[in-house]
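Heads up, the thing below is written out as structure tokens.
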Amino acid sequence: MATAFSSDGEAALRRELNAAAAAAPRGDLDGFYEMGRAAAFVRDGGFRKVALQFPDELLADAVEVAARMEAATGAEMYVLGDTTYGSCCVDEVAAEHVGAEAVLHYGPACLSPCRKLPVLHIFGQQPLDVGRCTEAFRKLYPERQSRVVVLSDVVYAHAMGELEQQLCPEYPNIIFSRLACGDPPGPAVPGEERKFGRQFWVEAAGGLQDYAMFYVGAEGLALTSFMLTWNRCLFSSFNPITGCSRRETLNVNRALMRRLYLVERARDAHVVGILVGTLGVAGYLTVLQHLRELLCRAGKRSYTLAVGKPNPAKLANFLEVDIFVLVACAQNSLLDSSDFYRPVVTPYELELACNPAREWTGDYLTDFRDLLPGACAHVELPPAVPSVEAVPDVSLITGNMRATHLCNPSTSQLPPSTALACRDQTRALAEISPAASFLESRSWRGLERQLGQTPISKAVQGRRGIAIAYENEGCEQP
């Protein structure tokens with residue numbers, strides 16, 4: 001799970017893309033990339049500049065797709081060569097750099113709603129053996145009255161209609177989810193489920209826990225998010241690539257225990273780093289402000305960090321941070337931080353740690369928008385409690401006493417008189433930052449410009465290649 005969002009980049013640098021080999025299995029590019037639907041979207045919207053976002057595995061076709069789209073629409077097409085964060089999210093920041101008026105997002109997507117630009121998702125119609133998938137379903141659910149919700153990876157959504165025609169006559173209680181790009185209009189009705197860009201209606205009196213889940217797709221972040229969120233349901237899956245079906249044996253309770261351990265670490269933390277893992281998902285600014293207020297009320301110091309795709313090397317530079325909270329889309333929030341110097345938690349786990357009014361109910365939330373005011377799972381912060389009246393709490397990890405009550409915002413911040421000081425004799429003011437004070441105490445502070453101290457020299461031929469493997473490296477004589 002860690003490599004999907006926080007790889008060190010070595011695999012991407014060493015990977016070789018063969019355009020012919022990449023396009024051969026898909027045959028007709030017009031069908032795979034739905035050129036007609038994409039061209040109609042551009043023409044109907046009157047867009048003159050459009051950004052094309054491809055994941056790494058589809059970049060081999062980017063030039064040809066862009067050329068065909070320009071010929072069909074007359075608009076300028078810009079291929080986004082690299083995504084700022086996860087490729088499943090729409091990269092509005094990169095699109096705005098070229099002044100794009102809309103985005104065509106290709107490949108797998110988390111379907112998180114965007115803030116500004118119109119977006120058309122083209123998942124790529126990966127082949128699915130519907131007959132084999134039908135037989136796998138029958139073996140997994142021999143009882144014809146079984147209550148089952150069918151979910152799928154977005155690249156197989158095009159075949160769900162045919163699968164529904166095969167199974168619905170035999171299974172009267174089967175439910176097929178629908179893709180919902182963006183926020184559906186209007187509030188949710190009773191029995192309606194809206195999560196992860198999927199929408200379906202549950203008719204059983206007992207609710208969703210009376211249903212099993214059947215997932216069509218390969219093992220990955222999407223399936224993991226589904227299983228943690230709907231952890232009261234039994235899951236099974238069919239992998240179209242291998243043609244194998246199975247009952248999912250991932251120990252969800254064990255995974256939840258790992259996440260609850262991270263909640264305890266968050267309760268013990270004094271300094272929290274808020275990692276900005278998306279700039280395109282709607283509501284990310286609101287949740288950033290919400291987390292800052294929550295940490296301030298909890299008496300914890302917080303820093304907001306924008307590091308792009310986080311990896312252990314980047315986050316290890318912030319030694320003063322006790323724990324990080326990642327604000328990202330629902331699929332990328334569950335970052336496996338076992339290789340990191342400090343743990344990385346989700347906004348929901350931070351709320352469990354810092355908001356006394358939020359209790360663990362068995363449900364798990366990976367979409368940070370569910371925590372915002374007006375959302376289905378929003379919990380108001382309780383009133384502040386004086387320190388003398390606070391109930392004492394003991395850490396389950398360190399065994400030390402800790403404070404779990406909320407303070408008034410005015411008392412949890414430094415007084416204004418101590419936050420500013422004179423920088424020099426010109427009476428210029430400088431803000432006293434705890435992070436800056438910590439940096440001053442370090443023996444190593446990174447690259448120093450040393451203006452005016454470095455002699456000027458002519459440019460010379462340097463090394464060629466990439467940093468991990470320069471050309472002729474190791475062949476030079478001492």
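To be explicit about the labels: the chains of the structure tokens are called A, B, and onward in the order shown, and within each one the residues are counted from 1, while ligands get numbers from 1 in the order they are shown.
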Report task. From segment 57-274 of chain A, collect each residue whose DSSP state is strand (DSSP E or B) and return the set as a PyMOL selection string. Result -> chain A and resi 76-80+102-106+114+119-122+148-152+174-176+178-179+192-195+198-201+212-216+235-239+244-247+271-274
Counting only C-alpha atoms, which residues of segment 285-397 of chain A fall within 9 Å of segment 77-95 of chain A, and what is the closest atom pair for each with its distance in Å at one decimal, ordered by chain and rising number, as a Markdown table?
| residue | atom | partner | partner_atom | distance |
| --- | --- | --- | --- | --- |
| A:Gly308 | CA | A:Tyr85 | CA | 5.8 |
| A:Lys309 | CA | A:Tyr85 | CA | 5.3 |
| A:Pro310 | CA | A:Tyr85 | CA | 8.7 |
| A:Ala328 | CA | A:Tyr85 | CA | 8.7 |
| A:Cys329 | CA | A:Cys89 | CA | 7.3 |
| A:Gln331 | CA | A:Cys88 | CA | 8.4 |
| A:Asn332 | CA | A:Gly86 | CA | 7.2 |
Query raised in the report: With distances taken over only C-alpha atoms, which of A:Ala384, A:Val287, A:Ala100, A:Leu120 is nearest to Met35 of chain A?
Result: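 Of all the options, A:Leu120 lies closest to Met35 of chain A.
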Report task. Run DSSP on the backbone of this structure and report the residues of segment 77-285 of chain A it assigns to helix (DSSP H, G or I), as a VMD selection string. Result -> chain A and resid 92 to 97 130 to 140 154 to 167 207 to 210 221 to 229 252 to 268 284 to 285
Query raised in the report: At what distance in Å, to one decimal, does atom CA of Leu279 of chain A lie from atom CA of Cys296 of chain A?
Result: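 Between these atoms lies a distance of 23.0 Å.
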Query - Interatomic distance, atom CA of Phe196 of chain A to atom CA of Ala109 of chain A (Å, one decimal) - result: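 Those two atoms sit 9.8 Å apart.
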Query raised in the report: With distances taken over only C-alpha atoms, which of A:Cys407, A:Ala377, A:Val325, A:Leu305 is nearest to Pro347 of chain A?
Result: A:Val325
Query - Close residues, Pro392 of chain A itself excluded, 10 Å, only C-alpha atoms, min 6 positions apart in chain, as a list in words - result: Met401, Arg402, Ala403, Thr404 and His405 of chain A
**Report entry** Surrounding residues of segment 313-315 of chain A excluding itself and chain neighbours under 3 positions, 10 Å, only C-alpha atoms, as a list of chain:residue names
**Finding:**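 Skipping anything fewer than 3 positions along the chain leaves A:Ser6, A:Asp8, A:Gly273, A:Leu275, A:Leu305, A:Val307, A:Gly308, A:Lys309, A:Pro310, A:Phe318, A:Leu319, A:Val321, A:Phe324, A:Asp339, A:Phe340, A:Tyr341, A:Arg342, A:Pro343, A:Val344.
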**Report entry** Who sits within 12 Å of Ala40 of chain A, only C-alpha atoms, same chain under 4 positions skipped, as a VMD selection string
**Finding:** chain A and resid 34 to 36 44 to 47 69 72 to 75 104 120
Requested in this report: Identify which of the residues A:Asn355, A:Thr249, A:Gln461, A:Thr346 lies closest to His378 of chain A, counting only C-alpha atoms when measuring atom-to-atom distances.
Outcome: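 Comparing A:Asn355, A:Thr249, A:Gln461, A:Thr346 against His378 of chain A, the winner is A:Asn355.
Look at Thr361 of chain A: the protein and nucleic acid residues within 12 Å of it, using only C-alpha atoms and passing over chain neighbours fewer than 2 places away, are Thr229, Asn231, Arg232, Leu352, Arg358, Glu359, Asp363, Tyr364, Leu365 and Ala377 of chain A.
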Report task. Pick out the residues sitting within 12 Å of Cys110 of chain A, and hand them over as JSON, numbers by chain; count only C-alpha atoms, and ignore anything fewer than 3 positions along from it in its own chain. Result -> {"A": [86, 87, 88, 89, 90, 105, 106, 107, 113, 114, 121, 123, 153, 154, 155, 179, 180, 181, 182, 195, 196, 197, 198, 221, 222, 223, 225, 280, 281, 328, 329, 330, 331, 332, 333, 366, 367]}
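Closest approach to Ser152 of chain A among A:Ser236, A:Thr242, A:Asn311, A:Gln166: A:Ser236, based on only C-alpha atoms.
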